[in-house]
Amino acid sequence: PDQPGPGPIPVELITADTVVCDLAYRGDGTPTPLMEAAAARGARAVDGLDVLVGQGIAAFELLTGVPAPVDVMRAAAWGRTPPDR
């Protein structure tokens, strides 16, 4: 469940040169409070869905031995039509 505020990280510690990775993700793409706080402070924010896709890419390549269709995988995770190849 969501809690008010960005979570356990004090907002003052988030700066423009910070990378914030929130492992939570939402199917509708709305940002978590932590992601909103990071964006508001100019930090680079990485969503949990990006982490999940990254794990899928690594697993695909490890198991198949061929490069993963990264653009297709990202599009599928975000519920979009993949770009033309």
# chains A, B, ... in the order shown; residues from 1 in each chain; ligands from 1
call {"tool": "select_by_dssp", "arguments": {"residues": "chain A", "states": "strand (DSSP E)", "output": "PDB file with N, CA and C atoms, in the first residue's frame"}}
result
ATOM      1  N   VAL A  19      20.624   8.940  -8.794  1.00  0.00           N
ATOM      2  CA  VAL A  19      19.792   8.002  -9.545  1.00  0.00           C
ATOM      3  C   VAL A  19      18.939   7.271  -8.519  1.00  0.00           C
ATOM      4  N   VAL A  20      17.633   7.359  -8.677  1.00  0.00           N
ATOM      5  CA  VAL A  20      16.698   6.713  -7.753  1.00  0.00           C
ATOM      6  C   VAL A  20      16.045   5.557  -8.481  1.00  0.00           C
ATOM      7  N   CYS A  21      16.123   4.378  -7.893  1.00  0.00           N
ATOM      8  CA  CYS A  21      15.506   3.192  -8.476  1.00  0.00           C
ATOM      9  C   CYS A  21      14.450   2.680  -7.504  1.00  0.00           C
ATOM     10  N   ASP A  22      13.210   2.742  -7.931  1.00  0.00           N
ATOM     11  CA  ASP A  22      12.102   2.226  -7.130  1.00  0.00           C
ATOM     12  C   ASP A  22      11.677   0.912  -7.763  1.00  0.00           C
ATOM     13  N   ARG A  44      17.536  11.331 -11.761  1.00  0.00           N
ATOM     14  CA  ARG A  44      17.160  10.317 -12.740  1.00  0.00           C
ATOM     15  C   ARG A  44      16.379   9.250 -11.986  1.00  0.00           C
ATOM     16  N   ALA A  45      15.195   8.945 -12.478  1.00  0.00           N
ATOM     17  CA  ALA A  45      14.328   7.974 -11.807  1.00  0.00           C
ATOM     18  C   ALA A  45      14.170   6.735 -12.675  1.00  0.00           C
ATOM     19  N   VAL A  46      14.444   5.570 -12.105  1.00  0.00           N
ATOM     20  CA  VAL A  46      14.311   4.299 -12.807  1.00  0.00           C
ATOM     21  C   VAL A  46      13.164   3.537 -12.161  1.00  0.00           C
ATOM     22  N   ASP A  47      12.192   3.199 -12.962  1.00  0.00           N
ATOM     23  CA  ASP A  47      11.002   2.500 -12.503  1.00  0.00           C
ATOM     24  C   ASP A  47      11.272   1.002 -12.363  1.00  0.00           C
TER      25      ASP A  47
END
call {"tool": "select_by_dssp", "arguments": {"residues": "chain A", "states": "helix (DSSP H, G or I)", "output": "JSON list (two decimals) with all heavy atoms, in the first residue's frame"}}
result
[["chain", "number", "residue", "atom", "x", "y", "z"],
["A", 11, "VAL", "N", 13.82, 13.33, 1.44],
["A", 11, "VAL", "CA", 13.84, 14.08, 0.17],
["A", 11, "VAL", "C", 15.11, 14.90, 0.04],
["A", 11, "VAL", "O", 15.65, 15.06, -1.06],
["A", 11, "VAL", "CB", 12.58, 14.97, 0.07],
["A", 11, "VAL", "CG1", 12.63, 15.85, -1.15],
["A", 11, "VAL", "CG2", 11.34, 14.11, 0.05],
["A", 12, "GLU", "N", 15.64, 15.40, 1.14],
["A", 12, "GLU", "CA", 16.83, 16.24, 1.10],
["A", 12, "GLU", "C", 18.05, 15.50, 0.53],
["A", 12, "GLU", "O", 18.99, 16.12, 0.07],
["A", 12, "GLU", "CB", 17.18, 16.76, 2.50],
["A", 12, "GLU", "CG", 16.08, 17.58, 3.15],
["A", 12, "GLU", "CD", 14.97, 16.71, 3.76],
["A", 12, "GLU", "OE1", 15.24, 15.60, 4.24],
["A", 12, "GLU", "OE2", 13.82, 17.16, 3.73],
["A", 13, "LEU", "N", 18.05, 14.17, 0.59],
["A", 13, "LEU", "CA", 19.17, 13.40, 0.07],
["A", 13, "LEU", "C", 19.10, 13.22, -1.44],
["A", 13, "LEU", "O", 20.07, 12.80, -2.07],
["A", 13, "LEU", "CB", 19.22, 12.02, 0.75],
["A", 13, "LEU", "CG", 19.51, 12.01, 2.24],
["A", 13, "LEU", "CD1", 19.50, 10.59, 2.77],
["A", 13, "LEU", "CD2", 20.84, 12.69, 2.54],
["A", 33, "PRO", "N", 5.16, 7.61, -5.22],
["A", 33, "PRO", "CA", 5.57, 8.86, -4.56],
["A", 33, "PRO", "C", 7.08, 9.08, -4.59],
["A", 33, "PRO", "O", 7.53, 10.22, -4.76],
["A", 33, "PRO", "CB", 5.05, 8.69, -3.13],
["A", 33, "PRO", "CG", 3.87, 7.79, -3.26],
["A", 33, "PRO", "CD", 4.26, 6.82, -4.37],
["A", 34, "LEU", "N", 7.86, 8.01, -4.47],
["A", 34, "LEU", "CA", 9.32, 8.16, -4.54],
["A", 34, "LEU", "C", 9.75, 8.62, -5.92],
["A", 34, "LEU", "O", 10.61, 9.50, -6.06],
["A", 34, "LEU", "CB", 10.02, 6.84, -4.18],
["A", 34, "LEU", "CG", 11.54, 6.84, -4.26],
["A", 34, "LEU", "CD1", 12.15, 7.90, -3.36],
["A", 34, "LEU", "CD2", 12.08, 5.46, -3.91],
["A", 35, "MET", "N", 9.17, 8.07, -6.97],
["A", 35, "MET", "CA", 9.51, 8.48, -8.33],
["A", 35, "MET", "C", 9.12, 9.94, -8.56],
["A", 35, "MET", "O", 9.86, 10.69, -9.21],
["A", 35, "MET", "CB", 8.83, 7.58, -9.35],
["A", 35, "MET", "CG", 9.22, 6.11, -9.23],
["A", 35, "MET", "SD", 10.96, 5.80, -9.48],
["A", 35, "MET", "CE", 11.05, 5.94, -11.23],
["A", 36, "GLU", "N", 7.98, 10.35, -8.05],
["A", 36, "GLU", "CA", 7.55, 11.74, -8.18],
["A", 36, "GLU", "C", 8.53, 12.68, -7.46],
["A", 36, "GLU", "O", 8.89, 13.73, -7.98],
["A", 36, "GLU", "CB", 6.14, 11.92, -7.64],
["A", 36, "GLU", "CG", 5.08, 11.31, -8.53],
["A", 36, "GLU", "CD", 3.69, 11.43, -7.94],
["A", 36, "GLU", "OE1", 3.55, 11.55, -6.71],
["A", 36, "GLU", "OE2", 2.73, 11.39, -8.73],
["A", 37, "ALA", "N", 8.95, 12.29, -6.26],
["A", 37, "ALA", "CA", 9.88, 13.11, -5.50],
["A", 37, "ALA", "C", 11.22, 13.22, -6.22],
["A", 37, "ALA", "O", 11.82, 14.29, -6.29],
["A", 37, "ALA", "CB", 10.09, 12.54, -4.10],
["A", 38, "ALA", "N", 11.68, 12.11, -6.79],
["A", 38, "ALA", "CA", 12.96, 12.13, -7.51],
["A", 38, "ALA", "C", 12.86, 13.05, -8.73],
["A", 38, "ALA", "O", 13.76, 13.87, -8.97],
["A", 38, "ALA", "CB", 13.33, 10.72, -7.95],
["A", 39, "ALA", "N", 11.79, 12.95, -9.48],
["A", 39, "ALA", "CA", 11.62, 13.79, -10.66],
["A", 39, "ALA", "C", 11.54, 15.27, -10.26],
["A", 39, "ALA", "O", 12.13, 16.13, -10.92],
["A", 39, "ALA", "CB", 10.37, 13.37, -11.42],
["A", 40, "ALA", "N", 10.85, 15.55, -9.20],
["A", 40, "ALA", "CA", 10.71, 16.93, -8.74],
["A", 40, "ALA", "C", 12.04, 17.53, -8.33],
["A", 40, "ALA", "O", 12.25, 18.74, -8.42],
["A", 40, "ALA", "CB", 9.72, 17.00, -7.57],
["A", 48, "GLY", "N", 10.55, 0.36, -11.50],
["A", 48, "GLY", "CA", 10.70, -1.08, -11.30],
["A", 48, "GLY", "C", 10.41, -1.88, -12.55],
["A", 48, "GLY", "O", 10.96, -2.96, -12.75],
["A", 49, "LEU", "N", 9.57, -1.36, -13.43],
["A", 49, "LEU", "CA", 9.27, -2.07, -14.67],
["A", 49, "LEU", "C", 10.51, -2.13, -15.56],
["A", 49, "LEU", "O", 10.76, -3.13, -16.23],
["A", 49, "LEU", "CB", 8.10, -1.42, -15.40],
["A", 49, "LEU", "CG", 7.47, -2.24, -16.52],
["A", 49, "LEU", "CD1", 7.03, -3.61, -16.03],
["A", 49, "LEU", "CD2", 6.30, -1.51, -17.12],
["A", 50, "ASP", "N", 11.31, -1.07, -15.54],
["A", 50, "ASP", "CA", 12.58, -1.08, -16.28],
["A", 50, "ASP", "C", 13.51, -2.16, -15.74],
["A", 50, "ASP", "O", 14.22, -2.82, -16.51],
["A", 50, "ASP", "CB", 13.27, 0.28, -16.20],
["A", 50, "ASP", "CG", 12.54, 1.36, -16.97],
["A", 50, "ASP", "OD1", 11.90, 1.05, -17.99],
["A", 50, "ASP", "OD2", 12.61, 2.52, -16.54],
["A", 51, "VAL", "N", 13.52, -2.33, -14.44],
["A", 51, "VAL", "CA", 14.35, -3.37, -13.82],
["A", 51, "VAL", "C", 13.84, -4.75, -14.23],
["A", 51, "VAL", "O", 14.62, -5.64, -14.60],
["A", 51, "VAL", "CB", 14.36, -3.22, -12.28],
["A", 51, "VAL", "CG1", 15.13, -4.36, -11.63],
["A", 51, "VAL", "CG2", 14.95, -1.88, -11.89],
["A", 52, "LEU", "N", 12.53, -4.94, -14.21],
["A", 52, "LEU", "CA", 11.93, -6.22, -14.61],
["A", 52, "LEU", "C", 12.28, -6.55, -16.06],
["A", 52, "LEU", "O", 12.66, -7.68, -16.37],
["A", 52, "LEU", "CB", 10.42, -6.17, -14.42],
["A", 52, "LEU", "CG", 9.65, -7.43, -14.81],
["A", 52, "LEU", "CD1", 10.01, -8.58, -13.89],
["A", 52, "LEU", "CD2", 8.15, -7.16, -14.78],
["A", 53, "VAL", "N", 12.16, -5.56, -16.94],
["A", 53, "VAL", "CA", 12.50, -5.77, -18.35],
["A", 53, "VAL", "C", 13.99, -6.12, -18.48],
["A", 53, "VAL", "O", 14.36, -7.02, -19.23],
["A", 53, "VAL", "CB", 12.13, -4.55, -19.21],
["A", 53, "VAL", "CG1", 12.69, -4.68, -20.62],
["A", 53, "VAL", "CG2", 10.62, -4.38, -19.25],
["A", 54, "GLY", "N", 14.83, -5.44, -17.73],
["A", 54, "GLY", "CA", 16.26, -5.74, -17.76],
["A", 54, "GLY", "C", 16.55, -7.18, -17.36],
["A", 54, "GLY", "O", 17.39, -7.85, -17.96],
["A", 55, "GLN", "N", 15.84, -7.66, -16.36],
["A", 55, "GLN", "CA", 16.01, -9.06, -15.94],
["A", 55, "GLN", "C", 15.55, -10.00, -17.04],
["A", 55, "GLN", "O", 16.17, -11.04, -17.30],
["A", 55, "GLN", "CB", 15.23, -9.32, -14.66],
["A", 55, "GLN", "CG", 15.78, -8.61, -13.46],
["A", 55, "GLN", "CD", 14.86, -8.71, -12.25],
["A", 55, "GLN", "OE1", 13.67, -8.98, -12.35],
["A", 55, "GLN", "NE2", 15.43, -8.46, -11.08],
["A", 56, "GLY", "N", 14.45, -9.63, -17.70],
["A", 56, "GLY", "CA", 13.95, -10.45, -18.80],
["A", 56, "GLY", "C", 14.92, -10.50, -19.97],
["A", 56, "GLY", "O", 15.11, -11.55, -20.59],
["A", 57, "ILE", "N", 15.54, -9.36, -20.26],
["A", 57, "ILE", "CA", 16.53, -9.30, -21.34],
["A", 57, "ILE", "C", 17.70, -10.23, -21.02],
["A", 57, "ILE", "O", 18.12, -11.03, -21.86],
["A", 57, "ILE", "CB", 17.02, -7.86, -21.55],
["A", 57, "ILE", "CG1", 15.88, -7.00, -22.13],
["A", 57, "ILE", "CG2", 18.26, -7.81, -22.43],
["A", 57, "ILE", "CD1", 16.14, -5.51, -22.06],
["A", 58, "ALA", "N", 18.20, -10.13, -19.80],
["A", 58, "ALA", "CA", 19.33, -10.99, -19.40],
["A", 58, "ALA", "C", 18.96, -12.46, -19.46],
["A", 58, "ALA", "O", 19.73, -13.29, -19.96],
["A", 58, "ALA", "CB", 19.80, -10.60, -18.00],
["A", 59, "ALA", "N", 17.77, -12.81, -18.98],
["A", 59, "ALA", "CA", 17.33, -14.21, -18.99],
["A", 59, "ALA", "C", 17.16, -14.71, -20.42],
["A", 59, "ALA", "O", 17.57, -15.83, -20.75],
["A", 59, "ALA", "CB", 16.03, -14.34, -18.21],
["A", 60, "PHE", "N", 16.54, -13.90, -21.27],
["A", 60, "PHE", "CA", 16.34, -14.29, -22.66],
["A", 60, "PHE", "C", 17.66, -14.62, -23.33],
["A", 60, "PHE", "O", 17.80, -15.66, -23.98],
["A", 60, "PHE", "CB", 15.62, -13.16, -23.41],
["A", 60, "PHE", "CG", 15.31, -13.48, -24.85],
["A", 60, "PHE", "CD1", 14.07, -13.97, -25.19],
["A", 60, "PHE", "CD2", 16.25, -13.27, -25.86],
["A", 60, "PHE", "CE1", 13.77, -14.27, -26.52],
["A", 60, "PHE", "CE2", 15.96, -13.56, -27.18],
["A", 60, "PHE", "CZ", 14.71, -14.07, -27.51],
["A", 61, "GLU", "N", 18.64, -13.73, -23.17],
["A", 61, "GLU", "CA", 19.93, -13.92, -23.81],
["A", 61, "GLU", "C", 20.69, -15.10, -23.23],
["A", 61, "GLU", "O", 21.35, -15.85, -23.95],
["A", 61, "GLU", "CB", 20.74, -12.63, -23.77],
["A", 61, "GLU", "CG", 20.09, -11.55, -24.63],
["A", 61, "GLU", "CD", 20.80, -10.22, -24.59],
["A", 61, "GLU", "OE1", 21.73, -10.03, -23.77],
["A", 61, "GLU", "OE2", 20.41, -9.34, -25.40],
["A", 62, "LEU", "N", 20.58, -15.29, -21.93],
["A", 62, "LEU", "CA", 21.26, -16.41, -21.28],
["A", 62, "LEU", "C", 20.67, -17.74, -21.75],
["A", 62, "LEU", "O", 21.40, -18.69, -22.04],
["A", 62, "LEU", "CB", 21.13, -16.29, -19.75],
["A", 62, "LEU", "CG", 21.75, -17.41, -18.92],
["A", 62, "LEU", "CD1", 23.27, -17.37, -19.05],
["A", 62, "LEU", "CD2", 21.35, -17.28, -17.47],
["A", 63, "LEU", "N", 19.36, -17.80, -21.85],
["A", 63, "LEU", "CA", 18.70, -19.06, -22.19],
["A", 63, "LEU", "C", 18.70, -19.37, -23.68],
["A", 63, "LEU", "O", 18.70, -20.54, -24.07],
["A", 63, "LEU", "CB", 17.27, -19.06, -21.67],
["A", 63, "LEU", "CG", 17.14, -19.01, -20.14],
["A", 63, "LEU", "CD1", 15.69, -18.84, -19.72],
["A", 63, "LEU", "CD2", 17.72, -20.27, -19.53],
["A", 64, "THR", "N", 18.69, -18.33, -24.52],
["A", 64, "THR", "CA", 18.62, -18.58, -25.97],
["A", 64, "THR", "C", 19.95, -18.42, -26.68],
["A", 64, "THR", "O", 20.13, -18.94, -27.78],
["A", 64, "THR", "CB", 17.61, -17.62, -26.65],
["A", 64, "THR", "OG1", 18.10, -16.28, -26.55],
["A", 64, "THR", "CG2", 16.23, -17.75, -26.03],
["A", 70, "VAL", "N", 15.02, -6.14, -27.48],
["A", 70, "VAL", "CA", 14.83, -5.19, -26.38],
["A", 70, "VAL", "C", 13.67, -4.24, -26.62],
["A", 70, "VAL", "O", 12.83, -4.04, -25.74],
["A", 70, "VAL", "CB", 16.14, -4.41, -26.12],
["A", 70, "VAL", "CG1", 15.93, -3.34, -25.06],
["A", 70, "VAL", "CG2", 17.25, -5.38, -25.70],
["A", 71, "ASP", "N", 13.59, -3.67, -27.82],
["A", 71, "ASP", "CA", 12.51, -2.72, -28.09],
["A", 71, "ASP", "C", 11.14, -3.38, -28.01],
["A", 71, "ASP", "O", 10.19, -2.80, -27.49],
["A", 71, "ASP", "CB", 12.72, -2.03, -29.44],
["A", 71, "ASP", "CG", 12.92, -3.00, -30.60],
["A", 71, "ASP", "OD1", 13.16, -4.20, -30.36],
["A", 71, "ASP", "OD2", 12.85, -2.55, -31.76],
["A", 72, "VAL", "N", 11.04, -4.61, -28.46],
["A", 72, "VAL", "CA", 9.78, -5.35, -28.39],
["A", 72, "VAL", "C", 9.43, -5.67, -26.94],
["A", 72, "VAL", "O", 8.28, -5.53, -26.52],
["A", 72, "VAL", "CB", 9.85, -6.64, -29.24],
["A", 72, "VAL", "CG1", 8.61, -7.50, -29.04],
["A", 72, "VAL", "CG2", 10.05, -6.31, -30.70],
["A", 73, "MET", "N", 10.41, -6.07, -26.16],
["A", 73, "MET", "CA", 10.18, -6.42, -24.77],
["A", 73, "MET", "C", 9.75, -5.20, -23.96],
["A", 73, "MET", "O", 8.81, -5.27, -23.15],
["A", 73, "MET", "CB", 11.43, -7.07, -24.17],
["A", 73, "MET", "CG", 11.75, -8.41, -24.80],
["A", 73, "MET", "SD", 13.33, -9.11, -24.28],
["A", 73, "MET", "CE", 12.90, -9.73, -22.68],
["A", 74, "ARG", "N", 10.42, -4.07, -24.19],
["A", 74, "ARG", "CA", 10.04, -2.84, -23.48],
["A", 74, "ARG", "C", 8.63, -2.40, -23.86],
["A", 74, "ARG", "O", 7.84, -2.02, -23.00],
["A", 74, "ARG", "CB", 11.03, -1.73, -23.76],
["A", 74, "ARG", "CG", 12.31, -1.88, -22.99],
["A", 74, "ARG", "CD", 13.11, -0.58, -22.95],
["A", 74, "ARG", "NE", 14.24, -0.78, -22.07],
["A", 74, "ARG", "CZ", 15.50, -0.77, -22.47],
["A", 74, "ARG", "NH1", 15.80, -0.51, -23.72],
["A", 74, "ARG", "NH2", 16.47, -0.97, -21.61],
["A", 75, "ALA", "N", 8.33, -2.46, -25.14],
["A", 75, "ALA", "CA", 6.99, -2.06, -25.60],
["A", 75, "ALA", "C", 5.93, -2.96, -24.98],
["A", 75, "ALA", "O", 4.88, -2.48, -24.52],
["A", 75, "ALA", "CB", 6.91, -2.10, -27.12],
["A", 76, "ALA", "N", 6.18, -4.25, -24.94],
["A", 76, "ALA", "CA", 5.21, -5.18, -24.36],
["A", 76, "ALA", "C", 5.00, -4.92, -22.88],
["A", 76, "ALA", "O", 3.87, -4.94, -22.38],
["A", 76, "ALA", "CB", 5.67, -6.62, -24.58],
["A", 77, "ALA", "N", 6.08, -4.65, -22.18],
["A", 77, "ALA", "CA", 5.97, -4.39, -20.74],
["A", 77, "ALA", "C", 5.16, -3.13, -20.46],
["A", 77, "ALA", "O", 4.42, -3.06, -19.49],
["A", 77, "ALA", "CB", 7.36, -4.26, -20.12]]
call {"tool": "closest_residue", "arguments": {"among": "A:Ala24, A:Ala68, A:Thr18, A:Gly29", "to": "Arg80 (chain A)", "atoms": "only C-alpha atoms"}}
result
A:Gly29
call {"tool": "atom_distance", "arguments": {"atom1": "CA of Gly42 (chain A)", "atom2": "CA of Asp17 (chain A)"}}
result
7.8 Å
call {"tool": "atom_distance", "arguments": {"atom1": "CA of Trp78 (chain A)", "atom2": "CA of Thr15 (chain A)"}}
result
27.2 Å
call {"tool": "closest_residue", "arguments": {"among": "A:Arg26, A:Pro31, A:Arg41, A:Thr81", "to": "Ile14 (chain A)", "atoms": "only C-alpha atoms"}}
result
A:Arg41
